[in-house]
Amino acid sequence: MAVAIAVPRVWGPSRGLRQAALLLLRRPGPRGIARNHLHRQQQQQQFSSLDDKPQFPGASAEFIDKLEFIQPNVISGIPIYRVMDRQGQIINPSEDPHLPQEKVLKLYKSMTLLNTMDRILYESQRQGRISFYMTNYGEEGTHVGSAAALDNTDLVFGQYREAGVLMYRDYPLELFMAQCYGNVSDLGKGRQMPVHYGCKERHFVTISSPLATQIPQAVGAAYAAKRANANRAVICYFGEGAASEGDAHAGFNFAATLECPIIFFCRNNGYAISTPTSEQYRGDGIAARGPGYGIMSIRVDGNDVFAVYNATREARQRAVAENQPFLIEAMTYRIGHHSTSDDSSAYRSVDEVNYWDKQDHPISRLRHYLLSCGWWDDEQEKAWRKQSRKKVMEAFEQAERKLKPNPNLLFSDVYQEMPAQLRKQQESLAHHLQTYGEHYPLDHFEK
């Protein structure tokens, strides 16, 4: 039986803009063989028609007799869905997710704890304690808003600025620190750069540095979940810069044609390292690309945690129920430098950064909401800031004291039986360290 539901404004292939009050019909189960058979029957019927209509298999259209090129702005000005204004007031009561106090406080504490950890680890890198770091300033709402809308078993493919998803899934501070320090407690055994987290227990696939490689991988995982009837969605995060990679095209197309239960979540934060969006693309952002691939798409205010939550929740439910992909473009702003290897003052003004930090920050917006509900006050804010800093510093100090992994772990966990060439390299390293060991801080490594 079809179920009537109200959804945010969604741009879909050949469907147009849906209004928030519009009732859509949800299919009761996955689309599959029966629908494909019906599609083939329709194609045969169209081919046998005597009407003078296009019969080309590659498009659904009508003939015209006037030469006219399609303008690039034919799909422009896709609106930005939001629930709260910048003062934390609900704009349309019917869009209020009515989350319980406990859950809203978890959203807020996850964002502020991430912010505190970012500040401490950023300074740690500046002091030479770790080699590299990337902050999440200004984008915290995209992380926790989407994470809160997922099932805990939904598979996450991140890029490198989604630490808040793990934070919301209660990933311990000790493991964040262990990964950045590459010590013996690091689940990756010290083999990855800092901020390249991964956690099998929390269904978070280990991050890799190359841009957009996770997109087709995530589609493959979603296709496997579909074939297994796993009642599970996959979410794949990336930035607007990564959307320019060829892997993004391949992933979008595969997801649409294979009808995969996946959410493509694009954080459009204004800059791909130093490249502004004005030099990154000429179309209307990333959401405008969805209909061209046959993907249901929406653009949301990424600094509004409730808008992110609503869009992700709806996309997740429908992706699993209908076996189809969804594209969410979350408009936000990267307040921090791209990484500790970047100095953003070379390509943007201090005034620009200050505007987003002071006037339109996701943490400030949610704090206004909490204050208006009477769920938070200045004393609680002060106590939580102190408590969260203490928790981060304790994990930080513990991570610094731990040893580095044994150097022999460089050669393990790839082959079941180590090839002769790799064994030769291992023996060469052992001989080198035995001969010149006094020149290396071997006492900092686990024996």
# chains A, B, ... in the order shown; residues from 1 in each chain; ligands from 1

call {"tool": "residues_around", "arguments": {"residues": "Val308 (chain A)", "least_positions_apart": "6", "cutoff": "8 Å", "atoms": "only C-alpha atoms", "output": "list in words"}}
result
Gly141, Thr142, Gly145, Ser146, Val300, Asp301, Gly302 and Ala330 of chain A

call {"tool": "residues_around", "arguments": {"residues": "region 432-447 of chain A", "least_positions_apart": "4", "cutoff": "9 Å", "atoms": "only C-alpha atoms", "output": "ChimeraX atom specification"}}
result
/A:183-184,402-407,427-428

call {"tool": "closest_atom_pairs", "arguments": {"of": "region 263-327 of chain A", "to": "region 147-168 of chain A", "cutoff": "8 Å", "atoms": "only C-alpha atoms", "output": "CSV"}}
result
residue,atom,partner,partner_atom,distance
A:Tyr309,CA,A:Ala149,CA,5.5
A:Asn310,CA,A:Ala149,CA,7.4
A:Thr312,CA,A:Ala149,CA,5.9
A:Arg313,CA,A:Ala149,CA,4.7
A:Arg316,CA,A:Leu150,CA,6.9

call {"tool": "write_last_selection", "arguments": {"atoms": "all heavy atoms", "output": "PDB file, in the first residue's frame"}}
result
ATOM      1  N   TYR A 309      19.664  17.262   9.033  1.00  0.00           N
ATOM      2  CA  TYR A 309      19.050  16.055   9.616  1.00  0.00           C
ATOM      3  C   TYR A 309      17.812  15.629   8.821  1.00  0.00           C
ATOM      4  O   TYR A 309      17.683  14.467   8.439  1.00  0.00           O
ATOM      5  CB  TYR A 309      18.671  16.324  11.076  1.00  0.00           C
ATOM      6  CG  TYR A 309      17.893  15.194  11.713  1.00  0.00           C
ATOM      7  CD1 TYR A 309      18.552  14.105  12.278  1.00  0.00           C
ATOM      8  CD2 TYR A 309      16.501  15.201  11.737  1.00  0.00           C
ATOM      9  CE1 TYR A 309      17.842  13.054  12.852  1.00  0.00           C
ATOM     10  CE2 TYR A 309      15.779  14.161  12.299  1.00  0.00           C
ATOM     11  CZ  TYR A 309      16.452  13.094  12.862  1.00  0.00           C
ATOM     12  OH  TYR A 309      15.755  12.051  13.414  1.00  0.00           O
ATOM     13  N   ASN A 310      16.906  16.563   8.557  1.00  0.00           N
ATOM     14  CA  ASN A 310      15.668  16.228   7.839  1.00  0.00           C
ATOM     15  C   ASN A 310      15.947  15.662   6.451  1.00  0.00           C
ATOM     16  O   ASN A 310      15.361  14.656   6.039  1.00  0.00           O
ATOM     17  CB  ASN A 310      14.787  17.475   7.703  1.00  0.00           C
ATOM     18  CG  ASN A 310      14.035  17.806   8.984  1.00  0.00           C
ATOM     19  OD1 ASN A 310      14.057  17.047   9.953  1.00  0.00           O
ATOM     20  ND2 ASN A 310      13.375  18.948   8.997  1.00  0.00           N
ATOM     21  N   THR A 312      18.726  14.288   5.262  1.00  0.00           N
ATOM     22  CA  THR A 312      19.421  12.999   5.302  1.00  0.00           C
ATOM     23  C   THR A 312      18.487  11.884   5.747  1.00  0.00           C
ATOM     24  O   THR A 312      18.530  10.769   5.205  1.00  0.00           O
ATOM     25  CB  THR A 312      20.642  13.072   6.240  1.00  0.00           C
ATOM     26  OG1 THR A 312      21.457  14.191   5.893  1.00  0.00           O
ATOM     27  CG2 THR A 312      21.474  11.804   6.159  1.00  0.00           C
ATOM     28  N   ARG A 313      17.646  12.173   6.717  1.00  0.00           N
ATOM     29  CA  ARG A 313      16.700  11.152   7.197  1.00  0.00           C
ATOM     30  C   ARG A 313      15.757  10.726   6.075  1.00  0.00           C
ATOM     31  O   ARG A 313      15.529   9.530   5.861  1.00  0.00           O
ATOM     32  CB  ARG A 313      15.895  11.713   8.374  1.00  0.00           C
ATOM     33  CG  ARG A 313      14.863  10.723   8.939  1.00  0.00           C
ATOM     34  CD  ARG A 313      14.008  11.371  10.011  1.00  0.00           C
ATOM     35  NE  ARG A 313      13.300  12.533   9.484  1.00  0.00           N
ATOM     36  CZ  ARG A 313      12.497  13.303  10.212  1.00  0.00           C
ATOM     37  NH1 ARG A 313      12.325  13.044  11.499  1.00  0.00           N
ATOM     38  NH2 ARG A 313      11.888  14.343   9.671  1.00  0.00           N
ATOM     39  N   ARG A 316      17.655   8.807   3.409  1.00  0.00           N
ATOM     40  CA  ARG A 316      18.027   7.477   3.885  1.00  0.00           C
ATOM     41  C   ARG A 316      16.827   6.523   3.809  1.00  0.00           C
ATOM     42  O   ARG A 316      16.938   5.384   3.335  1.00  0.00           O
ATOM     43  CB  ARG A 316      18.536   7.591   5.318  1.00  0.00           C
ATOM     44  CG  ARG A 316      19.267   6.340   5.829  1.00  0.00           C
ATOM     45  CD  ARG A 316      18.355   5.363   6.511  1.00  0.00           C
ATOM     46  NE  ARG A 316      19.050   4.097   6.733  1.00  0.00           N
ATOM     47  CZ  ARG A 316      18.444   2.947   6.950  1.00  0.00           C
ATOM     48  NH1 ARG A 316      17.129   2.881   6.954  1.00  0.00           N
ATOM     49  NH2 ARG A 316      19.143   1.846   7.132  1.00  0.00           N
TER      50      ARG A 316
END

call {"tool": "closest_residue", "arguments": {"among": "A:Gln179, A:Asn354, A:Ser297, A:Gln214", "to": "Leu327 (chain A)", "atoms": "only C-alpha atoms"}}
result
A:Ser297

call {"tool": "residues_around", "arguments": {"residues": "Thr275 (chain A)", "least_positions_apart": "3", "cutoff": "12 Å", "atoms": "only C-alpha atoms", "output": "list in words"}}
result
Glu240, Gly241, Ala242, Ser244, Asn269, Gly270, Tyr271, Ala272, Ser278, Glu279, Gln280, Tyr281, His338, Ser344, Ala346, Tyr347 and Arg348 of chain A

call {"tool": "write_last_selection", "arguments": {"atoms": "C-alpha atoms", "output": "mmCIF file, in the first residue's frame"}}
result
data_model
loop_
_atom_site.group_PDB
_atom_site.id
_atom_site.type_symbol
_atom_site.label_atom_id
_atom_site.label_comp_id
_atom_site.auth_asym_id
_atom_site.auth_seq_id
_atom_site.Cartn_x
_atom_site.Cartn_y
_atom_site.Cartn_z
ATOM 1 C CA GLU A 240 32.611 20.352 -4.316
ATOM 2 C CA GLY A 241 36.202 20.128 -5.538
ATOM 3 C CA ALA A 242 36.126 16.327 -5.494
ATOM 4 C CA SER A 244 35.131 17.668 -10.460
ATOM 5 C CA ASN A 269 32.302 24.870 1.583
ATOM 6 C CA GLY A 270 33.350 27.461 -0.999
ATOM 7 C CA TYR A 271 36.951 26.388 -1.600
ATOM 8 C CA ALA A 272 38.798 23.366 -2.976
ATOM 9 C CA SER A 278 33.772 30.558 -9.185
ATOM 10 C CA GLU A 279 36.785 28.833 -10.749
ATOM 11 C CA GLN A 280 35.661 25.273 -9.955
ATOM 12 C CA TYR A 281 32.464 25.142 -12.029
ATOM 13 C CA HIS A 338 42.389 23.741 4.201
ATOM 14 C CA SER A 344 44.201 30.730 3.394
ATOM 15 C CA ALA A 346 46.738 34.262 0.580
ATOM 16 C CA TYR A 347 43.429 33.855 -1.260
ATOM 17 C CA ARG A 348 40.638 35.213 0.971
#

call {"tool": "select_by_dssp", "arguments": {"residues": "region 112-269 of chain A", "states": "strand (DSSP E or B)", "output": "tab-separated table (two decimals) with all heavy atoms, in the first residue's frame"}}
result
chain	number	residue	atom	x	y	z
A	155	LEU	N	26.75	2.29	6.32
A	155	LEU	CA	28.18	2.36	6.01
A	155	LEU	C	28.57	3.77	5.58
A	155	LEU	O	27.89	4.39	4.74
A	155	LEU	CB	28.51	1.36	4.90
A	155	LEU	CG	29.96	1.01	4.66
A	155	LEU	CD1	30.61	0.42	5.92
A	155	LEU	CD2	30.06	-0.01	3.51
A	156	VAL	N	29.67	4.26	6.12
A	156	VAL	CA	30.12	5.63	5.86
A	156	VAL	C	31.44	5.60	5.08
A	156	VAL	O	32.40	4.95	5.50
A	156	VAL	CB	30.33	6.42	7.17
A	156	VAL	CG1	30.85	7.83	6.88
A	156	VAL	CG2	29.03	6.48	7.97
A	157	PHE	N	31.46	6.31	3.96
A	157	PHE	CA	32.70	6.55	3.21
A	157	PHE	C	32.97	8.04	3.31
A	157	PHE	O	32.26	8.86	2.74
A	157	PHE	CB	32.55	6.15	1.74
A	157	PHE	CG	32.62	4.67	1.48
A	157	PHE	CD1	31.52	3.86	1.74
A	157	PHE	CD2	33.78	4.09	0.99
A	157	PHE	CE1	31.57	2.50	1.50
A	157	PHE	CE2	33.83	2.71	0.75
A	157	PHE	CZ	32.73	1.92	1.01
A	199	CYS	N	37.08	2.90	11.28
A	199	CYS	CA	36.63	2.09	12.41
A	199	CYS	C	35.60	1.08	11.93
A	199	CYS	O	34.47	1.45	11.59
A	199	CYS	CB	36.03	2.98	13.50
A	199	CYS	SG	35.50	2.07	14.96
A	204	PHE	N	32.72	2.78	9.61
A	204	PHE	CA	33.34	3.95	8.99
A	204	PHE	C	34.58	3.48	8.24
A	204	PHE	O	35.58	3.09	8.84
A	204	PHE	CB	33.72	4.98	10.07
A	204	PHE	CG	34.09	6.34	9.54
A	204	PHE	CD1	33.19	7.39	9.57
A	204	PHE	CD2	35.36	6.58	9.02
A	204	PHE	CE1	33.53	8.65	9.11
A	204	PHE	CE2	35.71	7.83	8.54
A	204	PHE	CZ	34.79	8.87	8.59
A	205	VAL	N	34.49	3.49	6.90
A	205	VAL	CA	35.58	2.97	6.08
A	205	VAL	C	36.79	3.91	6.17
A	205	VAL	O	36.65	5.13	6.13
A	205	VAL	CB	35.14	2.84	4.61
A	205	VAL	CG1	36.28	2.35	3.73
A	205	VAL	CG2	33.95	1.88	4.51
A	234	VAL	N	24.19	3.41	2.32
A	234	VAL	CA	25.59	3.87	2.32
A	234	VAL	C	25.56	5.37	2.13
A	234	VAL	O	24.78	5.89	1.33
A	234	VAL	CB	26.39	3.20	1.17
A	234	VAL	CG1	27.80	3.79	1.10
A	234	VAL	CG2	26.45	1.69	1.38
A	235	ILE	N	26.38	6.09	2.88
A	235	ILE	CA	26.52	7.52	2.68
A	235	ILE	C	27.96	7.81	2.30
A	235	ILE	O	28.90	7.25	2.87
A	235	ILE	CB	26.10	8.33	3.93
A	235	ILE	CG1	26.07	9.84	3.61
A	235	ILE	CG2	26.98	8.03	5.13
A	235	ILE	CD1	25.36	10.68	4.66
A	236	CYS	N	28.12	8.65	1.28
A	236	CYS	CA	29.45	8.98	0.77
A	236	CYS	C	29.64	10.49	0.81
A	236	CYS	O	28.90	11.24	0.17
A	236	CYS	CB	29.61	8.47	-0.65
A	236	CYS	SG	31.22	8.82	-1.38
A	237	TYR	N	30.61	10.95	1.58
A	237	TYR	CA	30.89	12.38	1.72
A	237	TYR	C	32.01	12.81	0.77
A	237	TYR	O	32.97	12.06	0.53
A	237	TYR	CB	31.33	12.69	3.15
A	237	TYR	CG	30.28	12.49	4.20
A	237	TYR	CD1	30.15	11.27	4.86
A	237	TYR	CD2	29.43	13.53	4.59
A	237	TYR	CE1	29.19	11.07	5.84
A	237	TYR	CE2	28.47	13.34	5.57
A	237	TYR	CZ	28.36	12.11	6.20
A	237	TYR	OH	27.41	11.93	7.17
A	238	PHE	N	31.91	14.04	0.27
A	238	PHE	CA	32.96	14.61	-0.56
A	238	PHE	C	32.71	16.11	-0.65
A	238	PHE	O	31.64	16.61	-0.29
A	238	PHE	CB	32.96	13.98	-1.96
A	238	PHE	CG	31.63	14.04	-2.67
A	238	PHE	CD1	31.33	15.08	-3.54
A	238	PHE	CD2	30.68	13.05	-2.46
A	238	PHE	CE1	30.10	15.14	-4.19
A	238	PHE	CE2	29.44	13.11	-3.10
A	238	PHE	CZ	29.16	14.15	-3.97
A	239	GLY	N	33.70	16.84	-1.14
A	239	GLY	CA	33.57	18.28	-1.31
A	239	GLY	C	33.25	18.64	-2.74
A	239	GLY	O	33.29	17.79	-3.65
A	262	ILE	N	22.13	4.68	-1.92
A	262	ILE	CA	23.27	5.48	-1.48
A	262	ILE	C	22.89	6.95	-1.40
A	262	ILE	O	22.06	7.44	-2.17
A	262	ILE	CB	24.48	5.30	-2.44
A	262	ILE	CG1	25.71	6.05	-1.91
A	262	ILE	CG2	24.13	5.73	-3.87
A	262	ILE	CD1	26.99	5.74	-2.68
A	263	ILE	N	23.49	7.64	-0.44
A	263	ILE	CA	23.34	9.09	-0.30
A	263	ILE	C	24.69	9.72	-0.64
A	263	ILE	O	25.69	9.46	0.04
A	263	ILE	CB	22.94	9.49	1.12
A	263	ILE	CG1	21.63	8.81	1.54
A	263	ILE	CG2	22.80	11.01	1.24
A	263	ILE	CD1	21.34	8.91	3.02
A	264	PHE	N	24.72	10.52	-1.69
A	264	PHE	CA	25.91	11.31	-2.00
A	264	PHE	C	25.78	12.63	-1.23
A	264	PHE	O	24.84	13.39	-1.48
A	264	PHE	CB	26.00	11.59	-3.50
A	264	PHE	CG	26.22	10.36	-4.34
A	264	PHE	CD1	25.23	9.91	-5.20
A	264	PHE	CD2	27.42	9.66	-4.29
A	264	PHE	CE1	25.42	8.78	-5.99
A	264	PHE	CE2	27.62	8.54	-5.07
A	264	PHE	CZ	26.61	8.09	-5.92
A	265	PHE	N	26.69	12.87	-0.33
A	265	PHE	CA	26.61	14.06	0.52
A	265	PHE	C	27.78	14.98	0.20
A	265	PHE	O	28.93	14.70	0.55
A	265	PHE	CB	26.64	13.67	2.00
A	265	PHE	CG	26.23	14.76	2.94
A	265	PHE	CD1	24.97	14.77	3.50
A	265	PHE	CD2	27.10	15.80	3.25
A	265	PHE	CE1	24.57	15.78	4.38
A	265	PHE	CE2	26.72	16.81	4.11
A	265	PHE	CZ	25.45	16.81	4.67
A	266	CYS	N	27.47	16.07	-0.50
A	266	CYS	CA	28.51	17.02	-0.91
A	266	CYS	C	28.56	18.19	0.05
A	266	CYS	O	27.56	18.89	0.24
A	266	CYS	CB	28.24	17.53	-2.33
A	266	CYS	SG	29.42	18.80	-2.86
A	267	ARG	N	29.71	18.41	0.65
A	267	ARG	CA	29.93	19.60	1.49
A	267	ARG	C	30.48	20.71	0.59
A	267	ARG	O	31.67	20.71	0.27
A	267	ARG	CB	30.95	19.32	2.59
A	267	ARG	CG	30.55	18.29	3.63
A	267	ARG	CD	31.69	18.02	4.60
A	267	ARG	NE	32.82	17.33	3.96
A	267	ARG	CZ	33.86	17.93	3.44
A	267	ARG	NH1	33.98	19.25	3.45
A	267	ARG	NH2	34.84	17.22	2.88
A	268	ASN	N	29.64	21.61	0.18
A	268	ASN	CA	30.10	22.72	-0.66
A	268	ASN	C	30.51	23.86	0.27
A	268	ASN	O	29.68	24.66	0.70
A	268	ASN	CB	29.00	23.17	-1.61
A	268	ASN	CG	29.52	24.12	-2.68
A	268	ASN	OD1	30.51	24.82	-2.47
A	268	ASN	ND2	28.86	24.15	-3.82

call {"tool": "closest_residue", "arguments": {"among": "A:Ile91, A:Ile215, A:Met418, A:Leu173", "to": "Leu113 (chain A)", "atoms": "only C-alpha atoms"}}
result
A:Leu173

call {"tool": "closest_residue", "arguments": {"among": "A:Arg318, A:Ser274, A:Arg232, A:Met296", "to": "Phe252 (chain A)", "atoms": "only C-alpha atoms"}}
result
A:Met296

call {"tool": "closest_atom_pairs", "arguments": {"of": "region 98-173 of chain A", "to": "region 370-392 of chain A", "cutoff": "9 Å", "atoms": "only C-alpha atoms", "output": "JSON lines"}}
result
{"residue": "A:Gln101", "atom": "CA", "partner": "A:Trp375", "partner_atom": "CA", "distance": 7.1}
{"residue": "A:Val104", "atom": "CA", "partner": "A:Leu370", "partner_atom": "CA", "distance": 8.0}
{"residue": "A:Leu105", "atom": "CA", "partner": "A:Leu370", "partner_atom": "CA", "distance": 8.1}
{"residue": "A:Tyr108", "atom": "CA", "partner": "A:Leu370", "partner_atom": "CA", "distance": 8.8}
{"residue": "A:Lys109", "atom": "CA", "partner": "A:Trp384", "partner_atom": "CA", "distance": 8.2}
{"residue": "A:Thr112", "atom": "CA", "partner": "A:Arg385", "partner_atom": "CA", "distance": 7.9}
{"residue": "A:Leu113", "atom": "CA", "partner": "A:Ser388", "partner_atom": "CA", "distance": 6.0}
{"residue": "A:Thr116", "atom": "CA", "partner": "A:Arg389", "partner_atom": "CA", "distance": 6.3}
{"residue": "A:Met117", "atom": "CA", "partner": "A:Val392", "partner_atom": "CA", "distance": 6.1}
{"residue": "A:Ile120", "atom": "CA", "partner": "A:Val392", "partner_atom": "CA", "distance": 7.8}
{"residue": "A:Leu173", "atom": "CA", "partner": "A:Val392", "partner_atom": "CA", "distance": 6.7}

call {"tool": "write_last_selection", "arguments": {"atoms": "C-alpha atoms", "output": "PDB file, in the first residue's frame"}}
result
ATOM      1  CA  GLN A 101      16.181  17.317  24.325  1.00  0.00           C
ATOM      2  CA  VAL A 104      19.663  17.887  20.481  1.00  0.00           C
ATOM      3  CA  LEU A 105      22.154  18.129  23.343  1.00  0.00           C
ATOM      4  CA  TYR A 108      25.504  20.263  20.287  1.00  0.00           C
ATOM      5  CA  LYS A 109      28.055  18.482  22.472  1.00  0.00           C
ATOM      6  CA  THR A 112      31.579  21.604  20.390  1.00  0.00           C
ATOM      7  CA  LEU A 113      33.760  18.652  21.437  1.00  0.00           C
ATOM      8  CA  THR A 116      37.751  21.772  21.026  1.00  0.00           C
ATOM      9  CA  MET A 117      39.689  18.765  19.709  1.00  0.00           C
ATOM     10  CA  ILE A 120      44.184  21.439  20.475  1.00  0.00           C
ATOM     11  CA  LEU A 173      38.882  10.650  21.938  1.00  0.00           C
TER      12      LEU A 173
END

call {"tool": "residues_around", "arguments": {"residues": "Ala256 (chain A)", "least_positions_apart": "2", "cutoff": "10 Å", "atoms": "only C-alpha atoms", "output": "MDAnalysis selection string"}}
result
chainID A and resid 219 251:254 258:262 290 293:296 323:326

call {"tool": "write_last_selection", "arguments": {"atoms": "all heavy atoms", "output": "compact mmCIF listing (two decimals), in the first residue's frame"}}
result
# COMPACT_ATOMS: atom_id res chain seq x y z
N VAL A 219 29.57 3.31 -4.05
CA VAL A 219 28.50 2.79 -4.91
C VAL A 219 28.55 1.26 -4.96
O VAL A 219 27.51 0.59 -4.89
CB VAL A 219 28.59 3.39 -6.32
CG1 VAL A 219 27.57 2.76 -7.25
CG2 VAL A 219 28.41 4.90 -6.27
N GLY A 251 30.78 7.34 -10.35
CA GLY A 251 29.97 6.94 -9.21
C GLY A 251 28.51 7.32 -9.36
O GLY A 251 27.61 6.51 -9.10
N PHE A 252 28.25 8.56 -9.79
CA PHE A 252 26.87 9.01 -9.98
C PHE A 252 26.15 8.13 -11.01
O PHE A 252 25.00 7.71 -10.81
CB PHE A 252 26.83 10.46 -10.45
CG PHE A 252 27.34 11.47 -9.45
CD1 PHE A 252 27.72 12.74 -9.86
CD2 PHE A 252 27.45 11.16 -8.10
CE1 PHE A 252 28.19 13.67 -8.95
CE2 PHE A 252 27.92 12.08 -7.19
CZ PHE A 252 28.30 13.35 -7.61
N ASN A 253 26.83 7.88 -12.11
CA ASN A 253 26.19 7.13 -13.20
C ASN A 253 25.93 5.68 -12.80
O ASN A 253 24.85 5.13 -13.07
CB ASN A 253 27.06 7.19 -14.45
CG ASN A 253 26.26 6.92 -15.72
OD1 ASN A 253 25.15 7.42 -15.87
ND2 ASN A 253 26.82 6.13 -16.61
N PHE A 254 26.89 5.05 -12.15
CA PHE A 254 26.69 3.68 -11.70
C PHE A 254 25.55 3.60 -10.68
O PHE A 254 24.72 2.70 -10.73
CB PHE A 254 27.98 3.11 -11.08
CG PHE A 254 28.91 2.48 -12.07
CD1 PHE A 254 30.22 2.91 -12.18
CD2 PHE A 254 28.49 1.43 -12.87
CE1 PHE A 254 31.08 2.33 -13.10
CE2 PHE A 254 29.35 0.84 -13.79
CZ PHE A 254 30.65 1.28 -13.89
N LEU A 258 22.36 1.38 -11.68
CA LEU A 258 22.25 0.15 -10.89
C LEU A 258 21.25 0.27 -9.74
O LEU A 258 21.04 -0.68 -9.00
CB LEU A 258 23.63 -0.25 -10.34
CG LEU A 258 24.69 -0.60 -11.37
CD1 LEU A 258 26.04 -0.87 -10.70
CD2 LEU A 258 24.26 -1.80 -12.21
N GLU A 259 20.67 1.47 -9.59
CA GLU A 259 19.64 1.73 -8.59
C GLU A 259 20.12 1.33 -7.19
O GLU A 259 19.62 0.40 -6.57
CB GLU A 259 18.35 1.01 -8.96
CG GLU A 259 17.79 1.50 -10.29
CD GLU A 259 16.58 0.71 -10.76
OE1 GLU A 259 16.35 -0.40 -10.25
OE2 GLU A 259 15.86 1.21 -11.64
N CYS A 260 21.11 2.06 -6.70
CA CYS A 260 21.77 1.72 -5.44
C CYS A 260 21.26 2.59 -4.28
O CYS A 260 21.04 3.78 -4.45
CB CYS A 260 23.28 1.92 -5.57
SG CYS A 260 24.04 0.89 -6.83
N PRO A 261 21.11 2.01 -3.09
CA PRO A 261 20.66 2.76 -1.91
C PRO A 261 21.81 3.57 -1.29
O PRO A 261 22.39 3.19 -0.28
CB PRO A 261 20.18 1.67 -0.96
CG PRO A 261 21.03 0.47 -1.31
CD PRO A 261 21.26 0.57 -2.80
N ILE A 262 22.13 4.68 -1.92
CA ILE A 262 23.27 5.48 -1.48
C ILE A 262 22.89 6.95 -1.40
O ILE A 262 22.06 7.44 -2.17
CB ILE A 262 24.48 5.30 -2.44
CG1 ILE A 262 25.71 6.05 -1.91
CG2 ILE A 262 24.13 5.73 -3.87
CD1 ILE A 262 26.99 5.74 -2.68
N GLY A 290 22.54 16.46 -10.39
CA GLY A 290 21.80 15.24 -10.08
C GLY A 290 20.79 14.83 -11.12
O GLY A 290 20.78 13.68 -11.58
N TYR A 293 21.91 12.92 -14.16
CA TYR A 293 22.25 11.51 -13.96
C TYR A 293 21.04 10.67 -13.61
O TYR A 293 21.13 9.44 -13.53
CB TYR A 293 23.29 11.38 -12.84
CG TYR A 293 24.67 11.87 -13.20
CD1 TYR A 293 25.10 13.13 -12.79
CD2 TYR A 293 25.54 11.10 -13.96
CE1 TYR A 293 26.36 13.60 -13.12
CE2 TYR A 293 26.80 11.55 -14.29
CZ TYR A 293 27.21 12.81 -13.87
OH TYR A 293 28.46 13.26 -14.20
N GLY A 294 19.89 11.33 -13.37
CA GLY A 294 18.70 10.60 -12.94
C GLY A 294 18.69 10.39 -11.44
O GLY A 294 18.19 9.37 -10.96
N ILE A 295 19.24 11.35 -10.69
CA ILE A 295 19.34 11.23 -9.23
C ILE A 295 18.48 12.29 -8.56
O ILE A 295 18.56 13.48 -8.89
CB ILE A 295 20.81 11.38 -8.77
CG1 ILE A 295 21.68 10.26 -9.36
CG2 ILE A 295 20.91 11.38 -7.25
CD1 ILE A 295 23.15 10.37 -9.03
N MET A 296 17.68 11.88 -7.59
CA MET A 296 16.92 12.81 -6.77
C MET A 296 17.90 13.69 -5.99
O MET A 296 18.84 13.18 -5.37
CB MET A 296 16.01 12.06 -5.80
CG MET A 296 14.94 11.22 -6.48
SD MET A 296 13.65 12.22 -7.22
CE MET A 296 12.75 12.72 -5.77
N ASN A 323 15.34 1.72 -3.34
CA ASN A 323 16.59 1.38 -4.04
C ASN A 323 16.90 2.43 -5.11
O ASN A 323 16.90 2.15 -6.31
CB ASN A 323 16.51 -0.01 -4.68
CG ASN A 323 16.93 -1.10 -3.72
OD1 ASN A 323 17.71 -0.85 -2.79
ND2 ASN A 323 16.44 -2.30 -3.90
N GLN A 324 17.19 3.63 -4.65
CA GLN A 324 17.62 4.67 -5.58
C GLN A 324 18.56 5.62 -4.85
O GLN A 324 18.50 5.76 -3.63
CB GLN A 324 16.42 5.43 -6.15
CG GLN A 324 15.62 6.27 -5.18
CD GLN A 324 14.67 7.20 -5.92
OE1 GLN A 324 15.02 7.77 -6.95
NE2 GLN A 324 13.46 7.34 -5.40
N PRO A 325 19.46 6.26 -5.60
CA PRO A 325 20.43 7.18 -4.99
C PRO A 325 19.84 8.56 -4.77
O PRO A 325 18.90 8.98 -5.45
CB PRO A 325 21.55 7.23 -6.03
CG PRO A 325 20.85 7.00 -7.34
CD PRO A 325 19.72 6.06 -7.04
N PHE A 326 20.42 9.27 -3.81
CA PHE A 326 20.05 10.65 -3.51
C PHE A 326 21.32 11.49 -3.42
O PHE A 326 22.36 11.01 -2.97
CB PHE A 326 19.27 10.75 -2.19
CG PHE A 326 17.83 10.32 -2.31
CD1 PHE A 326 17.50 8.98 -2.37
CD2 PHE A 326 16.81 11.26 -2.36
CE1 PHE A 326 16.18 8.57 -2.49
CE2 PHE A 326 15.49 10.87 -2.49
CZ PHE A 326 15.17 9.53 -2.55

call {"tool": "closest_residue", "arguments": {"among": "A:Thr332, A:Asn92, A:Gln217, A:Gln192", "to": "Asn136 (chain A)", "atoms": "only C-alpha atoms"}}
result
A:Thr332
